[in-house]
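For reference, the structure discussed in these notes is given below.
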Amino acid sequence: MSEAVESKSFFRRSFPFWLMLAIFAAPFMGASFLYESGDTLSLGKAGNKGDLISPVRRIESIQMEQLLGGSMNSDDLLGKWTLLTVGSKACGDDCLENMYKMRQIRLATGRERARVNRLYILSDENREQFVAFMKDFEGMKVVLGNPAIIGALKLKPTPWQGEIEGGVYIIDPLGNFMMAYKPGFEAKGILKDLQRLLKLSRIG
């Protein structure tokens with residue numbers, strides 16, 4: 001038997017072994033890639049429209065002052081999916097657009113909208129101007145932000161951001177900060193991701 005024939009025969013005998021090895025190794029290789037890739041992984045057109053926070057960050061319990069009076073605890077967000085954005089006076093029209101998009105995204109989920117929270121963290125003291133906007137965004141929770149609140153909610157700039165303002169984030173019903181969308185995001189992308197999460201999730 002020639003060396004070429006022996007080599008081909010060996011390949012045929014060993015192929016099932018290498019195939020099984022690849023199947024079993026793939027999950028470990030994928031996990032290693034996620035770990036090495038840092039805080040976020042962009043799945044692009046093949047999957048989610050936003051960036052997956054990996055590993056997810058569990059938010060901490062913290063008391064927050066509401067814009068219109070009273071207080072709420074971050075634990076009050078548990079049990080629902082939360083769309084969150086951070087804005088200040090400097091954020092201007094971009095932050096208003098985020099509020100509008102978040103409202104429309106929630107409405108577009110139809111019968112599932114009761115499972116979705118909206119939270120705006122106001123990062124400056126421009127309260128009076130903001131109160132005037134609220135009549136157009138009924139149901140949105142607005143709290144006054146400070147470094148302690150930002151830290152408790154595990155918000156920090158992703159690799160494509162210089163600051164946390166202007167983006168939109170998703171917190172799951174268990175209190176995990178798990179997805180981020182860069183400033184200028186398309187509302188349809190978040191809606192598609194959120195609808196998928198609502199469909200697959202048995203909680204929230």
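Every chain in the structure tokens takes a letter, A first, then B, and so on in the order presented; its residues are numbered from 1, and the ligands are numbered from 1 following the presented order.
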
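Counting only C-alpha atoms, A:Arg111 has the following residues at most 12 Å away, ignoring those fewer than 4 positions along the same chain: Arg106, Leu107, Arg115, Val116, Gln195, Leu198 and Lys199 of chain A.
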
Within 12 Å of A:Leu155 using only C-alpha atoms, minus same-chain residues under 6 positions, as number ranges by chain: A: 39, 53, 56-60, 84-86, 121, 145-149, 161, 163-165, 167-171, 176-180

Under the rule that only C-alpha atoms are counted, which of A:Val143, A:Leu96, A:Leu83, A:Ala114 is the nearest residue to A:Ser71? A:Val143

My list of candidates is A:Gly92, A:Gly110, A:Gly151, A:Gly175. Which is closest to A:Leu194 when distances are computed with only C-alpha atoms?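 The closest residue to A:Leu194 is A:Gly110.
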
Pick out the residues sitting within 8 Å of A:Leu78, and hand them over as a list in words; count only C-alpha atoms, and ignore anything fewer than 5 positions along from it in its own chain. Asp172, Pro173, Leu174, Gly175 and Gly204 of chain A

Distance query A:Leu191 at most 10 Å, only C-alpha atoms, self and fewer than 2 positions along chain excluded, as a PyMOL selection string: chain A and resi 49+101-102+104-109+186-189+193-197

Create the file for the chosen residues now, containing N, CA and C atoms and written as a PDB file, in the first residue's frame.
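Dumped everything to out_18.pdb:
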```pdb
ATOM      1  N   LYS A  49     -28.712  43.624  17.850  1.00  0.00           N
ATOM      2  CA  LYS A  49     -28.363  44.908  17.243  1.00  0.00           C
ATOM      3  C   LYS A  49     -27.525  45.758  18.183  1.00  0.00           C
ATOM      4  N   LYS A 101     -37.688  57.738  21.463  1.00  0.00           N
ATOM      5  CA  LYS A 101     -37.484  56.393  20.931  1.00  0.00           C
ATOM      6  C   LYS A 101     -37.862  55.326  21.961  1.00  0.00           C
ATOM      7  N   MET A 102     -37.473  55.553  23.214  1.00  0.00           N
ATOM      8  CA  MET A 102     -37.809  54.588  24.265  1.00  0.00           C
ATOM      9  C   MET A 102     -39.318  54.468  24.431  1.00  0.00           C
ATOM     10  N   GLN A 104     -41.597  55.012  22.065  1.00  0.00           N
ATOM     11  CA  GLN A 104     -42.134  54.323  20.891  1.00  0.00           C
ATOM     12  C   GLN A 104     -41.776  52.838  20.887  1.00  0.00           C
ATOM     13  N   ILE A 105     -40.583  52.507  21.359  1.00  0.00           N
ATOM     14  CA  ILE A 105     -40.182  51.101  21.436  1.00  0.00           C
ATOM     15  C   ILE A 105     -41.110  50.337  22.368  1.00  0.00           C
ATOM     16  N   ARG A 106     -41.377  50.922  23.522  1.00  0.00           N
ATOM     17  CA  ARG A 106     -42.273  50.266  24.485  1.00  0.00           C
ATOM     18  C   ARG A 106     -43.673  50.099  23.891  1.00  0.00           C
ATOM     19  N   LEU A 107     -44.206  51.143  23.262  1.00  0.00           N
ATOM     20  CA  LEU A 107     -45.529  51.048  22.665  1.00  0.00           C
ATOM     21  C   LEU A 107     -45.573  49.979  21.579  1.00  0.00           C
ATOM     22  N   ALA A 108     -44.485  49.855  20.835  1.00  0.00           N
ATOM     23  CA  ALA A 108     -44.442  48.907  19.717  1.00  0.00           C
ATOM     24  C   ALA A 108     -44.408  47.451  20.180  1.00  0.00           C
ATOM     25  N   THR A 109     -44.137  47.212  21.457  1.00  0.00           N
ATOM     26  CA  THR A 109     -44.174  45.832  21.955  1.00  0.00           C
ATOM     27  C   THR A 109     -45.606  45.358  22.172  1.00  0.00           C
ATOM     28  N   GLU A 186     -30.531  52.885  16.126  1.00  0.00           N
ATOM     29  CA  GLU A 186     -31.809  52.784  15.426  1.00  0.00           C
ATOM     30  C   GLU A 186     -32.828  52.129  16.348  1.00  0.00           C
ATOM     31  N   ALA A 187     -33.957  52.766  16.527  1.00  0.00           N
ATOM     32  CA  ALA A 187     -34.984  52.244  17.427  1.00  0.00           C
ATOM     33  C   ALA A 187     -35.437  50.853  16.997  1.00  0.00           C
ATOM     34  N   LYS A 188     -35.469  50.597  15.692  1.00  0.00           N
ATOM     35  CA  LYS A 188     -35.904  49.287  15.201  1.00  0.00           C
ATOM     36  C   LYS A 188     -34.993  48.173  15.695  1.00  0.00           C
ATOM     37  N   GLY A 189     -33.704  48.488  15.845  1.00  0.00           N
ATOM     38  CA  GLY A 189     -32.761  47.486  16.326  1.00  0.00           C
ATOM     39  C   GLY A 189     -33.043  47.091  17.758  1.00  0.00           C
ATOM     40  N   ASP A 193     -34.463  43.419  19.297  1.00  0.00           N
ATOM     41  CA  ASP A 193     -33.810  42.704  20.396  1.00  0.00           C
ATOM     42  C   ASP A 193     -34.772  42.515  21.561  1.00  0.00           C
ATOM     43  N   LEU A 194     -35.503  43.579  21.909  1.00  0.00           N
ATOM     44  CA  LEU A 194     -36.405  43.517  23.056  1.00  0.00           C
ATOM     45  C   LEU A 194     -37.540  42.534  22.805  1.00  0.00           C
ATOM     46  N   GLN A 195     -38.069  42.530  21.617  1.00  0.00           N
ATOM     47  CA  GLN A 195     -39.140  41.576  21.296  1.00  0.00           C
ATOM     48  C   GLN A 195     -38.638  40.145  21.417  1.00  0.00           C
ATOM     49  N   ARG A 196     -37.418  39.908  21.000  1.00  0.00           N
ATOM     50  CA  ARG A 196     -36.837  38.568  21.128  1.00  0.00           C
ATOM     51  C   ARG A 196     -36.682  38.181  22.597  1.00  0.00           C
ATOM     52  N   LEU A 197     -36.200  39.141  23.404  1.00  0.00           N
ATOM     53  CA  LEU A 197     -36.022  38.858  24.829  1.00  0.00           C
ATOM     54  C   LEU A 197     -37.359  38.596  25.511  1.00  0.00           C
TER      55      LEU A 197
END
```

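Across A:Pro55, A:Asn98, A:Glu128, A:Lys141, the tightest approach to A:Asp76 is made by A:Lys141 when counting only C-alpha atoms.
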
Spatial neighbours of A:Leu77, 8 Å, only C-alpha atoms, chain gap at least 3 places, as a PyMOL selection string: chain A and resi 73-74+80-82+117+173+175

Any idea what's packed within 7 Å of A:Met140, counting only C-alpha atoms, ignoring anything in its chain fewer than 3 positions away? Could you give it as an NGL selection string? :A and (118-119 or 137)

Select from stretch 81-192 of chain A everything DSSP, run on the backbone, classes as helix (DSSP H, G or I), then give the selection as a PyMOL selection string. chain A and resi 89-108+110-115+127-136+147-152+187-192
